[in-house]
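The structure file run-v1.csv is reproduced below (CSV, C-alpha atoms).
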```csv
chain,number,residue,atom,x,y,z
A,29,MET,CA,-41.9,31.0,-34.1
A,30,ASN,CA,-43.7,31.9,-37.3
A,31,ILE,CA,-44.0,29.5,-40.2
A,32,LEU,CA,-41.4,31.1,-42.4
A,33,ILE,CA,-38.6,30.9,-39.7
A,34,PHE,CA,-39.8,27.5,-38.7
A,35,THR,CA,-39.6,26.3,-42.3
A,36,ILE,CA,-36.1,27.6,-42.8
A,37,PHE,CA,-34.7,26.0,-39.7
A,38,VAL,CA,-36.4,22.7,-40.4
A,39,TRP,CA,-35.1,22.8,-44.0
A,40,LEU,CA,-31.5,23.4,-42.8
A,41,GLY,CA,-31.7,20.6,-40.2
A,42,SER,CA,-33.1,18.2,-42.7
A,43,MET,CA,-30.3,18.9,-45.1
A,44,VAL,CA,-27.7,17.8,-42.4
A,45,ALA,CA,-29.8,14.7,-41.6
A,46,GLY,CA,-30.1,13.9,-45.3
A,47,PHE,CA,-26.3,14.2,-45.8
A,48,LEU,CA,-25.6,11.8,-42.9
A,49,GLY,CA,-28.3,9.4,-43.9
A,50,SER,CA,-27.1,8.9,-47.4
A,51,LEU,CA,-23.5,8.8,-46.4
A,52,THR,CA,-24.2,5.8,-44.1
A,53,GLY,CA,-27.0,4.3,-46.3
A,54,LEU,CA,-29.4,4.4,-43.4
A,55,GLY,CA,-31.7,7.2,-44.6
A,56,GLY,CA,-32.4,10.6,-43.1
A,57,GLY,CA,-35.2,9.4,-40.9
A,58,VAL,CA,-33.1,8.3,-37.9
A,59,VAL,CA,-31.9,11.9,-37.5
A,60,ILE,CA,-35.0,13.7,-38.7
A,61,ILE,CA,-37.5,12.3,-36.2
A,62,PRO,CA,-35.4,13.1,-33.1
A,63,LEU,CA,-34.7,16.5,-34.6
A,64,LEU,CA,-38.3,17.4,-35.2
A,65,THR,CA,-39.6,16.0,-31.9
A,66,LEU,CA,-36.8,16.9,-29.5
A,67,VAL,CA,-35.7,20.2,-31.0
A,68,PHE,CA,-38.8,21.6,-32.7
A,69,GLY,CA,-41.4,20.0,-30.4
A,70,VAL,CA,-43.3,18.5,-33.3
A,71,ASP,CA,-45.8,15.7,-32.5
A,72,ILE,CA,-44.1,12.4,-33.4
A,73,ARG,CA,-46.9,11.4,-35.7
A,74,TYR,CA,-46.3,14.4,-38.0
A,75,ALA,CA,-42.6,13.7,-37.7
A,76,ILE,CA,-43.1,10.1,-38.8
A,77,GLY,CA,-45.2,11.1,-41.8
A,78,ALA,CA,-42.6,13.8,-42.9
A,79,SER,CA,-39.7,11.5,-42.4
A,80,LEU,CA,-41.3,8.6,-44.4
A,81,VAL,CA,-41.8,10.9,-47.4
A,82,SER,CA,-38.2,12.2,-47.2
A,83,VAL,CA,-36.9,8.7,-47.0
A,84,ILE,CA,-38.6,8.0,-50.4
A,85,ALA,CA,-37.0,11.1,-51.9
A,86,THR,CA,-33.5,10.1,-50.7
A,87,SER,CA,-33.8,6.5,-52.0
A,88,SER,CA,-35.3,7.3,-55.4
A,89,GLY,CA,-33.1,10.3,-55.9
A,90,ALA,CA,-29.9,8.4,-55.3
A,91,ALA,CA,-30.9,5.3,-57.1
A,92,ALA,CA,-29.3,6.4,-60.4
A,93,ALA,CA,-25.9,7.2,-58.7
A,94,TYR,CA,-25.8,3.9,-56.8
A,95,VAL,CA,-26.7,1.8,-59.8
A,96,LYS,CA,-24.0,3.5,-61.9
A,97,GLU,CA,-21.3,2.9,-59.3
A,98,GLY,CA,-22.2,-0.8,-59.5
A,99,PHE,CA,-22.5,-1.6,-55.8
A,100,SER,CA,-26.3,-2.4,-55.6
A,101,ASN,CA,-27.5,-5.9,-56.3
A,102,ILE,CA,-30.9,-5.4,-57.9
A,103,ARG,CA,-32.0,-9.0,-57.7
A,104,ILE,CA,-31.3,-9.3,-54.0
A,105,GLY,CA,-33.1,-6.0,-53.4
A,106,MET,CA,-36.2,-7.0,-55.4
A,107,PHE,CA,-36.4,-10.4,-53.6
A,108,LEU,CA,-36.1,-9.0,-50.1
A,109,GLU,CA,-38.6,-6.2,-50.9
A,110,VAL,CA,-41.4,-8.8,-50.7
A,111,ALA,CA,-40.5,-9.1,-47.0
A,112,THR,CA,-40.0,-5.4,-46.3
A,113,THR,CA,-43.2,-4.1,-48.0
A,114,ILE,CA,-45.4,-6.6,-46.3
A,115,GLY,CA,-43.7,-5.8,-43.0
A,116,ALA,CA,-44.2,-2.1,-43.7
A,117,LEU,CA,-47.9,-2.5,-44.0
A,118,VAL,CA,-48.0,-4.4,-40.6
A,119,GLY,CA,-45.9,-1.6,-39.1
A,120,ALA,CA,-48.1,1.2,-40.3
A,121,PHE,CA,-51.2,-0.5,-38.9
A,122,LEU,CA,-49.4,-1.0,-35.6
A,123,ALA,CA,-48.5,2.7,-35.5
A,124,LEU,CA,-52.1,3.7,-35.8
A,125,ARG,CA,-52.8,1.8,-32.6
A,126,LEU,CA,-49.8,2.4,-30.3
A,127,SER,CA,-49.5,5.5,-28.0
A,128,THR,CA,-46.9,8.2,-28.9
A,129,PRO,CA,-44.7,7.7,-25.8
A,130,SER,CA,-44.4,4.0,-26.6
A,131,ILE,CA,-43.5,4.8,-30.2
A,132,ALA,CA,-40.8,7.1,-28.9
A,133,VAL,CA,-39.3,4.5,-26.6
A,134,ILE,CA,-39.4,1.8,-29.3
A,135,PHE,CA,-37.7,4.3,-31.6
A,136,GLY,CA,-34.9,4.9,-29.1
A,137,VAL,CA,-34.4,1.2,-28.5
A,138,VAL,CA,-34.2,0.5,-32.3
A,139,LEU,CA,-31.6,3.3,-32.7
A,140,ILE,CA,-29.4,2.0,-29.8
A,141,TYR,CA,-29.5,-1.4,-31.3
A,142,SER,CA,-28.6,0.0,-34.8
A,143,ALA,CA,-25.8,2.0,-33.3
A,144,PHE,CA,-24.4,-1.0,-31.5
A,145,VAL,CA,-24.6,-3.3,-34.5
A,146,SER,CA,-23.1,-0.9,-37.0
A,147,GLY,CA,-20.3,-0.1,-34.5
A,148,GLN,CA,-19.1,-3.7,-34.6
A,149,PRO,CA,-16.0,-3.9,-36.8
A,150,ARG,CA,-15.9,-6.6,-39.5
A,151,SER,CA,-13.1,-7.5,-41.8
A,152,GLU,CA,-13.8,-7.1,-45.5
A,153,GLY,CA,-11.6,-9.9,-46.8
A,154,PRO,CA,-12.4,-11.6,-50.0
A,155,ASP,CA,-15.1,-14.3,-49.7
A,156,ILE,CA,-13.7,-17.6,-50.6
A,157,ASP,CA,-16.5,-19.8,-49.3
A,158,LYS,CA,-18.6,-22.0,-51.6
A,159,PRO,CA,-21.8,-20.3,-53.0
A,160,ASP,CA,-25.0,-21.1,-51.1
A,161,LYS,CA,-27.5,-23.3,-53.1
A,162,LEU,CA,-30.6,-21.2,-52.5
A,163,ALA,CA,-28.8,-17.9,-53.3
A,164,THR,CA,-27.5,-19.4,-56.5
A,165,PHE,CA,-31.0,-20.6,-57.5
A,166,LEU,CA,-32.2,-17.0,-56.9
A,167,GLU,CA,-29.2,-15.7,-58.9
A,168,MET,CA,-28.0,-13.5,-56.0
A,169,ASN,CA,-24.3,-13.8,-56.4
A,170,GLY,CA,-22.4,-10.9,-58.0
A,171,THR,CA,-19.3,-8.8,-58.3
A,172,TYR,CA,-18.5,-5.3,-57.1
A,173,PRO,CA,-15.8,-2.7,-58.0
A,174,SER,CA,-12.8,-2.4,-55.7
A,175,SER,CA,-9.3,-1.0,-55.9
A,176,GLN,CA,-8.1,-4.4,-57.2
A,177,GLY,CA,-10.8,-4.6,-59.9
A,178,LEU,CA,-14.0,-6.5,-59.8
A,179,LYS,CA,-14.5,-8.8,-56.7
A,180,MET,CA,-16.8,-11.8,-56.6
A,181,TYR,CA,-19.2,-12.3,-53.6
A,182,HIS,CA,-21.8,-14.8,-52.6
A,183,ALA,CA,-25.0,-14.4,-50.7
A,184,ARG,CA,-25.8,-16.9,-47.9
A,185,SER,CA,-28.5,-17.5,-45.2
A,186,VAL,CA,-31.2,-16.2,-47.5
A,187,PRO,CA,-34.2,-17.4,-45.2
A,188,LEU,CA,-32.8,-15.7,-42.1
A,189,GLY,CA,-32.0,-12.5,-44.1
A,190,PHE,CA,-35.6,-12.6,-45.5
A,191,GLY,CA,-37.0,-12.9,-41.9
A,192,LEU,CA,-34.9,-10.0,-40.7
A,193,MET,CA,-36.1,-7.9,-43.7
A,194,PHE,CA,-39.7,-8.5,-42.6
A,195,ILE,CA,-38.8,-7.1,-39.2
A,196,ALA,CA,-37.0,-4.2,-40.8
A,197,GLY,CA,-40.2,-3.5,-42.8
A,198,ILE,CA,-42.3,-3.5,-39.7
A,199,ILE,CA,-39.9,-1.0,-38.0
A,200,SER,CA,-39.8,1.2,-41.1
A,201,GLY,CA,-43.6,1.3,-41.2
A,202,LEU,CA,-44.0,1.8,-37.5
A,203,LEU,CA,-41.3,4.5,-37.0
A,204,GLY,CA,-41.3,6.2,-40.4
A,205,ILE,CA,-37.6,5.5,-41.0
A,206,GLY,CA,-35.9,3.7,-43.9
A,207,SER,CA,-34.8,1.1,-41.4
A,208,GLY,CA,-31.5,1.0,-43.3
A,209,ALA,CA,-29.6,-0.2,-40.2
A,210,LEU,CA,-31.5,-3.4,-40.0
A,211,LYS,CA,-31.4,-3.9,-43.8
A,212,VAL,CA,-27.7,-3.4,-43.8
A,213,LEU,CA,-27.4,-5.7,-40.8
A,214,ALA,CA,-29.4,-8.5,-42.6
A,215,MET,CA,-27.3,-8.2,-45.8
A,216,ASP,CA,-23.9,-7.4,-44.3
A,217,GLN,CA,-23.8,-9.6,-41.2
A,218,VAL,CA,-26.3,-12.4,-42.0
A,219,MET,CA,-26.2,-12.8,-45.8
A,220,ARG,CA,-22.4,-11.9,-45.7
A,221,LEU,CA,-22.5,-9.4,-48.5
A,222,PRO,CA,-19.7,-6.8,-48.7
A,223,PHE,CA,-20.6,-3.6,-46.7
A,224,LYS,CA,-20.8,-1.3,-49.7
A,225,VAL,CA,-23.0,-3.7,-51.6
A,226,SER,CA,-25.3,-3.9,-48.5
A,227,THR,CA,-25.4,-0.2,-48.1
A,228,ALA,CA,-26.2,0.5,-51.8
A,229,THR,CA,-28.8,-2.3,-52.0
A,230,SER,CA,-30.3,-1.1,-48.8
A,231,ASN,CA,-30.7,2.4,-50.3
A,232,PHE,CA,-32.3,0.9,-53.3
A,233,MET,CA,-34.9,-1.0,-51.1
A,234,ILE,CA,-35.6,1.8,-48.7
A,235,GLY,CA,-37.9,3.8,-51.1
A,236,VAL,CA,-40.1,0.9,-52.0
A,237,THR,CA,-40.4,-0.1,-48.4
A,238,ALA,CA,-41.3,3.4,-47.3
A,239,ALA,CA,-43.8,3.8,-50.1
A,240,ALA,CA,-45.7,0.8,-48.8
A,241,SER,CA,-46.5,2.6,-45.5
A,242,ALA,CA,-46.6,6.1,-46.9
A,243,GLY,CA,-49.8,5.4,-48.7
A,244,ILE,CA,-51.5,4.4,-45.4
A,245,TYR,CA,-50.0,7.4,-43.6
A,246,LEU,CA,-51.3,9.8,-46.3
A,247,ASN,CA,-54.8,8.3,-46.1
A,248,LYS,CA,-54.8,8.6,-42.3
A,249,GLY,CA,-53.8,12.3,-42.3
A,250,TYR,CA,-50.3,11.9,-40.9
A,251,ILE,CA,-48.5,13.7,-43.8
A,252,ASP,CA,-48.8,17.4,-43.2
A,253,PRO,CA,-47.8,19.5,-46.3
A,254,GLY,CA,-46.5,22.5,-44.3
A,255,LEU,CA,-44.1,20.4,-42.3
A,256,THR,CA,-43.2,17.8,-44.9
A,257,MET,CA,-42.3,20.4,-47.6
A,258,PRO,CA,-39.0,21.7,-45.9
A,259,VAL,CA,-38.2,18.2,-44.6
A,260,MET,CA,-38.4,16.6,-48.0
A,261,LEU,CA,-36.6,19.4,-49.9
A,262,GLY,CA,-33.8,19.6,-47.2
A,263,VAL,CA,-33.3,15.8,-47.0
A,264,LEU,CA,-33.2,15.6,-50.8
A,265,MET,CA,-30.4,18.2,-51.1
A,266,GLY,CA,-28.4,16.8,-48.2
A,267,SER,CA,-28.6,13.3,-49.5
A,268,SER,CA,-27.5,14.1,-53.0
A,269,LEU,CA,-24.4,15.7,-51.5
A,270,GLY,CA,-23.8,12.6,-49.3
A,271,ALA,CA,-24.2,10.1,-52.2
A,272,ARG,CA,-21.3,11.7,-54.0
A,273,HIS,CA,-19.0,10.8,-51.1
A,274,LEU,CA,-19.9,7.1,-50.8
A,275,PHE,CA,-17.0,5.8,-53.0
A,276,GLU,CA,-14.3,7.7,-51.2
A,277,ALA,CA,-15.4,7.5,-47.6
A,278,GLU,CA,-13.9,4.8,-45.4
A,279,THR,CA,-16.2,2.1,-44.2
A,280,GLN,CA,-14.9,2.1,-40.6
A,281,LYS,CA,-15.2,5.9,-40.3
A,282,LEU,CA,-18.8,5.8,-41.7
A,283,ARG,CA,-19.8,3.3,-39.0
A,284,MET,CA,-18.2,5.3,-36.2
A,285,ILE,CA,-19.9,8.6,-37.2
A,286,PHE,CA,-23.2,6.9,-37.5
A,287,SER,CA,-22.9,4.9,-34.2
A,288,VAL,CA,-22.1,7.9,-32.0
A,289,THR,CA,-24.7,10.2,-33.5
A,290,ILE,CA,-27.5,7.6,-33.3
A,291,PHE,CA,-26.6,6.5,-29.8
A,292,LEU,CA,-26.9,10.0,-28.4
A,293,LEU,CA,-30.2,10.7,-30.2
A,294,ALA,CA,-31.6,7.3,-29.0
A,295,LEU,CA,-31.0,8.1,-25.3
A,296,GLN,CA,-32.8,11.4,-25.7
A,297,MET,CA,-35.8,9.8,-27.4
A,298,ILE,CA,-36.2,7.2,-24.7
A,299,TYR,CA,-35.8,9.9,-22.0
A,300,ALA,CA,-38.4,12.0,-23.7
A,301,GLY,CA,-40.8,9.1,-24.1
A,302,ILE,CA,-40.5,8.0,-20.5
A,303,SER,CA,-40.5,11.4,-18.9
A,304,GLY,CA,-43.6,12.4,-20.8
A,305,GLY,CA,-41.8,15.0,-23.0
A,306,ILE,CA,-43.5,13.4,-26.0
A,307,LEU,CA,-46.7,12.5,-24.1
A,308,LYS,CA,-49.8,13.8,-25.8
B,6,MET,CA,-17.9,-3.3,-67.1
B,7,ASN,CA,-19.2,-2.0,-63.8
B,8,ASN,CA,-22.2,-4.1,-63.0
B,9,THR,CA,-23.0,-6.2,-59.9
B,10,SER,CA,-25.4,-8.5,-61.7
B,11,GLN,CA,-24.1,-11.2,-64.0
B,12,ARG,CA,-26.4,-10.0,-66.7
B,13,PRO,CA,-25.2,-6.8,-68.4
B,14,GLU,CA,-28.7,-6.1,-69.8
B,15,ASP,CA,-30.0,-5.9,-66.3
B,16,HIS,CA,-27.6,-3.2,-65.5
B,17,LYS,CA,-28.5,-1.2,-68.6
B,18,ILE,CA,-32.2,-1.4,-67.7
B,19,GLU,CA,-31.5,-0.4,-64.1
B,20,VAL,CA,-29.5,2.7,-65.2
B,21,VAL,CA,-32.4,3.8,-67.4
B,22,ILE,CA,-34.9,3.2,-64.5
B,23,GLY,CA,-32.5,5.0,-62.1
B,24,ASN,CA,-32.6,8.1,-64.4
B,25,LEU,CA,-36.3,8.0,-64.7
B,26,LEU,CA,-36.6,7.8,-60.9
B,27,ARG,CA,-34.4,10.8,-60.5
B,28,ALA,CA,-36.5,12.7,-63.0
B,29,GLY,CA,-39.6,11.7,-61.1
B,30,VAL,CA,-38.1,13.0,-57.8
B,31,MET,CA,-37.0,16.2,-59.5
B,32,ILE,CA,-40.5,16.9,-60.8
B,33,ALA,CA,-42.0,16.0,-57.4
B,34,ALA,CA,-39.6,18.4,-55.7
B,35,GLY,CA,-40.4,21.1,-58.2
B,36,VAL,CA,-44.1,20.8,-57.5
B,37,VAL,CA,-43.5,20.8,-53.7
B,38,PHE,CA,-41.2,23.8,-54.0
B,39,LEU,CA,-43.8,25.8,-56.0
B,40,GLY,CA,-46.5,24.8,-53.5
B,41,GLY,CA,-44.2,25.8,-50.7
B,42,ILE,CA,-43.6,29.2,-52.1
B,43,ILE,CA,-47.3,29.9,-52.4
B,44,TYR,CA,-47.9,28.5,-48.9
B,45,LEU,CA,-45.2,30.6,-47.3
B,46,PHE,CA,-46.3,33.7,-49.2
B,47,ARG,CA,-49.8,33.3,-47.9
B,48,HIS,CA,-49.2,31.8,-44.4
B,49,GLY,CA,-45.5,32.5,-43.7
B,50,LEU,CA,-46.2,34.9,-40.9
B,51,ALA,CA,-48.8,32.8,-39.1
B,52,LEU,CA,-47.6,30.8,-36.0
B,53,ALA,CA,-46.2,27.4,-36.6
B,54,SER,CA,-48.0,24.8,-34.5
B,55,TYR,CA,-47.2,21.1,-34.8
B,56,THR,CA,-47.1,20.3,-31.1
B,57,THR,CA,-50.5,18.8,-31.0
B,58,PHE,CA,-51.6,16.3,-33.5
B,59,GLN,CA,-54.8,16.9,-35.6
B,60,ARG,CA,-55.4,14.8,-38.6
B,61,VAL,CA,-54.6,16.7,-41.8
B,62,PRO,CA,-57.9,17.9,-43.4
B,63,LEU,CA,-59.6,15.1,-45.4
B,64,ASP,CA,-59.4,16.9,-48.7
B,65,LEU,CA,-55.5,16.8,-48.4
B,66,CYS,CA,-55.5,13.0,-47.8
B,67,SER,CA,-57.2,11.6,-50.8
B,68,VAL,CA,-56.1,11.6,-54.4
B,69,ASN,CA,-59.3,13.4,-55.6
B,70,GLY,CA,-59.1,16.1,-52.9
B,71,ILE,CA,-55.4,16.7,-53.5
B,72,MET,CA,-56.0,17.1,-57.3
B,73,LYS,CA,-58.8,19.6,-56.7
B,74,ASN,CA,-56.7,21.7,-54.3
B,75,ALA,CA,-53.7,21.6,-56.5
B,76,LEU,CA,-55.5,22.6,-59.7
B,77,SER,CA,-56.8,25.7,-57.9
B,78,PHE,CA,-53.2,26.5,-57.0
B,79,HIS,CA,-53.6,26.1,-53.2
B,80,GLY,CA,-50.1,25.9,-51.7
B,81,ARG,CA,-50.9,22.9,-49.4
B,82,GLY,CA,-52.7,21.1,-52.2
B,83,LEU,CA,-49.7,21.6,-54.6
B,84,ILE,CA,-47.3,20.3,-51.9
B,85,GLN,CA,-49.5,17.2,-51.4
B,86,LEU,CA,-49.6,16.7,-55.1
B,87,GLY,CA,-45.8,16.7,-55.2
B,88,LEU,CA,-45.6,14.3,-52.3
B,89,LEU,CA,-48.1,12.0,-54.1
B,90,LEU,CA,-45.9,12.1,-57.2
B,91,LEU,CA,-42.9,11.2,-54.9
B,92,ILE,CA,-44.7,8.3,-53.4
B,93,ALA,CA,-45.5,7.1,-56.9
B,94,THR,CA,-41.8,7.0,-58.0
B,95,PRO,CA,-40.9,3.7,-56.2
B,96,VAL,CA,-44.3,2.3,-57.4
B,97,ALA,CA,-43.3,3.1,-60.9
B,98,ARG,CA,-39.9,1.5,-60.3
B,99,VAL,CA,-41.4,-1.7,-59.3
B,100,PHE,CA,-43.7,-1.6,-62.3
B,101,PHE,CA,-40.7,-1.2,-64.6
B,102,SER,CA,-39.1,-4.1,-62.9
B,103,ILE,CA,-42.1,-6.3,-63.7
B,104,ILE,CA,-41.8,-5.4,-67.3
B,105,ALA,CA,-38.0,-6.0,-67.3
B,106,SER,CA,-38.5,-9.4,-65.8
B,107,LEU,CA,-41.2,-10.2,-68.3
B,108,ARG,CA,-38.9,-9.3,-71.2
B,109,ARG,CA,-36.2,-11.6,-69.8
B,110,ARG,CA,-38.8,-14.4,-69.4
B,111,ASP,CA,-37.7,-14.6,-65.8
B,112,ALA,CA,-40.8,-16.2,-64.2
B,113,LEU,CA,-39.4,-16.2,-60.7
B,114,TYR,CA,-38.7,-12.4,-60.6
B,115,VAL,CA,-42.0,-11.7,-62.4
B,116,ILE,CA,-43.8,-13.2,-59.5
B,117,VAL,CA,-41.5,-11.5,-56.9
B,118,THR,CA,-42.0,-8.0,-58.4
B,119,THR,CA,-45.7,-8.5,-58.9
B,120,ILE,CA,-46.2,-9.3,-55.2
B,121,VAL,CA,-44.3,-6.1,-54.2
B,122,PHE,CA,-46.4,-4.1,-56.7
B,123,ALA,CA,-49.7,-5.5,-55.3
B,124,VAL,CA,-48.6,-4.6,-51.7
B,125,LEU,CA,-47.8,-1.0,-52.8
B,126,ILE,CA,-51.1,-0.5,-54.6
B,127,TYR,CA,-53.1,-1.9,-51.7
B,128,SER,CA,-51.4,0.6,-49.4
B,129,LEU,CA,-52.2,3.6,-51.7
B,130,LEU,CA,-55.8,2.6,-52.1
B,131,ASN,CA,-56.4,1.7,-48.5
B,132,LYS,CA,-59.0,3.9,-46.7
```

Using the file provided, produce a representation of the structure as structure tokens.
Amino acid sequence: MNILIFTIFVWLGSMVAGFLGSLTGLGGGVVIIPLLTLVFGVDIRYAIGASLVSVIATSSGAAAAYVKEGFSNIRIGMFLEVATTIGALVGAFLALRLSTPSIAVIFGVVLIYSAFVSGQPRSEGPDIDKPDKLATFLEMNGTYPSSQGLKMYHARSVPLGFGLMFIAGIISGLLGIGSGALKVLAMDQVMRLPFKVSTATSNFMIGVTAAASAGIYLNKGYIDPGLTMPVMLGVLMGSSLGARHLFEAETQKLRMIFSVTIFLLALQMIYAGISGGILK
Amino acid sequence: MNNTSQRPEDHKIEVVIGNLLRAGVMIAAGVVFLGGIIYLFRHGLALASYTTFQRVPLDLCSVNGIMKNALSFHGRGLIQLGLLLLIATPVARVFFSIIASLRRRDALYVIVTTIVFAVLIYSLLNK
């Protein structure tokens, strides 16, 4: 395949990945990396570099839209970024030392876990519990727009959420994904924030987390301009389309689409890692 | 009122920052696109080969090298410059958050955002 044709195909694929990624708040990386490695035969290290950069584009590009809609909680995001950025550094240094098949297998396992967790249904009833002391001290409680006007919510289990965010950071830095699944899990299931608040705040944090490892990847020569160009431009276009649908799309449907796609990709990544398809 | 935070001024600042970020991404994308056109024009008919990993050439990995290549209108150099601008947008966002927290005299979040900023700068300058 010549570079022109390759670029066009990668650009189109990245657009679809960006659309799905922003619709679910999980970033395009979870679809981009399997796409590049399994379909286009790209070495996973180039794929990680390209994905990481596109993840920043998605997050920064959509930030304005998310903030305007009023779902993202900036204070929670900033606080948890301490954990995700330090984790991302650890993850990037780990990636420089691990073999590519083991990275592929870890990638698959993380994806299956994400698919499983996001597939779990959870009711979105109003939160009537008393506010958590630590969360109140950190001024993390807030409101979000719903069909019945502004709804109050309270954050809880801040230390556990913080710990999970550190792990989310490591995974983001190691695999070149936004690690939105784990971020959403930490906020939605552990800190008990409404799903749409978790999704929007996760999007907000993803760019900063990815930037923490992108610097290292750039210095180590993982970010190839020829490959990253169509990936970044494609993901950016796809994600700006996806962000427009966040408000209308139904939470349950979002989770189902995400879970099924991710599960299938994950199985293939693990198979490719074990069978030596990604062995270099 | 459409803000999640209990402080309306927070929301206003974030909207401004959000717009700045989007502008940063658009400029970065424009530079990448321009570089991409030059790159495809010159190398589009060569064979695509990403199956084996070779480190990207050193002069496309450092800020100095990227600037030199970009200023002489090399396609790959321009793309890297755009990507560098892109990586800089979240860093700028965190920097603005430090200033916003300072203006509110919110000591806790000044510390929080400064830690994040330090980690990002460390990563970019790491060799």

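The space separating atom CA of B:Ile92 from atom CA of B:Phe122 comes to 12.9 Å.
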
Counting only C-alpha atoms, which residues in stretch 241-262 of chain A sit no more than 12 Å from stretch 20-43 of chain B? For each one, give the nearest pair of atoms and the distance in Å, sorted by chain then residue number, as a tab-separated table.
```
residue	atom	partner	partner_atom	distance
A:Pro253	CA	B:Gly41	CA	8.5
A:Gly254	CA	B:Gly41	CA	7.6
A:Leu255	CA	B:Gly41	CA	10.0
A:Thr256	CA	B:Val37	CA	9.3
A:Met257	CA	B:Val37	CA	6.2
A:Pro258	CA	B:Gly41	CA	8.2
A:Val259	CA	B:Val37	CA	10.8
A:Met260	CA	B:Ala34	CA	8.0
A:Leu261	CA	B:Ala34	CA	6.6
A:Gly262	CA	B:Ala34	CA	10.4
```

For chain A against chain B, with a cut-off of 7 Å and counting all atoms listed in the file, what is the closest atom pair and its distance in Å to one decimal for every residue that makes the cut, ordered by chain and number, as a tab-separated table?
```
residue	atom	partner	partner_atom	distance
A:Met29	CA	B:Leu52	CA	6.0
A:Asn30	CA	B:Leu52	CA	4.3
A:Ile31	CA	B:Ala53	CA	4.7
A:Leu32	CA	B:Gly49	CA	4.5
A:Phe34	CA	B:Ala53	CA	6.7
A:Gly69	CA	B:Thr56	CA	5.8
A:Val70	CA	B:Thr56	CA	4.7
A:Asp71	CA	B:Thr56	CA	5.0
A:Ile84	CA	B:Ile92	CA	6.8
A:Ala85	CA	B:Val30	CA	6.3
A:Ser88	CA	B:Leu26	CA	5.7
A:Gly89	CA	B:Arg27	CA	4.8
A:Ala91	CA	B:Gly23	CA	5.3
A:Ala92	CA	B:Gly23	CA	3.9
A:Val95	CA	B:Val20	CA	6.1
A:Lys96	CA	B:Val20	CA	6.5
A:Glu97	CA	B:Asn7	CA	7.0
A:Gly98	CA	B:Asn8	CA	4.8
A:Phe99	CA	B:Thr9	CA	6.2
A:Ser100	CA	B:Thr9	CA	6.6
A:Asn101	CA	B:Thr9	CA	5.8
A:Met106	CA	B:Thr118	CA	6.6
A:Phe107	CA	B:Val117	CA	6.2
A:Glu109	CA	B:Val121	CA	6.6
A:Val110	CA	B:Val121	CA	5.3
A:Thr113	CA	B:Val124	CA	6.6
A:Ile114	CA	B:Val124	CA	6.6
A:Gly170	CA	B:Thr9	CA	5.1
A:Thr171	CA	B:Thr9	CA	4.8
A:Tyr172	CA	B:Thr9	CA	5.4
A:Pro173	CA	B:Asn7	CA	6.8
A:Gly235	CA	B:Pro95	CA	5.9
A:Val236	CA	B:Pro95	CA	5.1
A:Ala239	CA	B:Ile92	CA	5.7
A:Ala240	CA	B:Leu125	CA	4.9
A:Ser241	CA	B:Ser128	CA	6.6
A:Gly243	CA	B:Leu129	CA	4.2
A:Ile244	CA	B:Ser128	CA	5.5
A:Leu246	CA	B:Cys66	CA	5.5
A:Asn247	CA	B:Cys66	CA	5.0
A:Gly249	CA	B:Val61	CA	4.5
A:Tyr250	CA	B:Arg60	CA	6.3
A:Asp252	CA	B:Val61	CA	6.0
A:Pro253	CA	B:Arg81	CA	5.5
A:Gly254	CA	B:Arg81	CA	6.7
A:Met257	CA	B:Val37	CA	6.2
A:Leu261	CA	B:Ala34	CA	6.6
```

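Separating atom CA of A:Gly201 from atom CA of A:Gln296 is a distance of 21.4 Å.
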
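Across the model, the gap from atom CA of A:Thr237 to atom CA of A:Leu80 is 9.6 Å.
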
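Every protein or nucleic acid residue with an atom no more than 10 Å from A:Thr65, counting all atoms listed in the file and leaving out same-chain residues fewer than 5 positions away, appears here: Ile60, Val70, Asp71, Ile72, Arg73, Tyr74, Ala75, Ile76, Ala132, Met297, Ala300, Gly305 and Ile306 of chain A; Tyr55 and Thr56 of chain B.
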
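Shortest separation to A:Ala111 among A:Val58, A:Met233, A:Leu66, A:Leu51 occurs at residue A:Met233, atoms counted being all atoms listed in the file.
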
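Using only C-alpha atoms, the protein and nucleic acid residues lying no more than 12 Å from A:Val133, apart from those fewer than 6 places from it along its own chain, are Pro62, Ile72, Leu126, Ser127, Leu139, Ile140, Leu203, Leu293, Ala294, Leu295, Gln296, Met297, Ile298, Tyr299, Ala300, Gly301, Ile302, Ser303, Gly304, Gly305, Ile306 and Leu307 of chain A.
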
(message) Considering all atoms listed in the file, can you say which of A:Ala123, A:Ala238, A:Met215, A:Val137 comes closest to A:Ala78?
(response) A:Ala238

Missing atoms in stretch 82-86 of chain B: can you complete it with N, CA and C atoms, as a compact mmCIF listing (two decimals), in the coordinates of the input?
```txt
# COMPACT_ATOMS: atom_id res chain seq x y z
N GLY B 82 -52.26 22.14 -51.26
CA GLY B 82 -52.70 21.10 -52.20
C GLY B 82 -51.59 20.79 -53.21
N LEU B 83 -50.85 21.81 -53.66
CA LEU B 83 -49.70 21.60 -54.60
C LEU B 83 -48.63 20.76 -53.89
N ILE B 84 -48.34 21.08 -52.62
CA ILE B 84 -47.30 20.30 -51.90
C ILE B 84 -47.74 18.85 -51.83
N GLN B 85 -49.01 18.61 -51.46
CA GLN B 85 -49.50 17.20 -51.40
C GLN B 85 -49.40 16.52 -52.72
N LEU B 86 -49.68 17.25 -53.80
CA LEU B 86 -49.60 16.70 -55.10
C LEU B 86 -48.15 16.21 -55.41
```
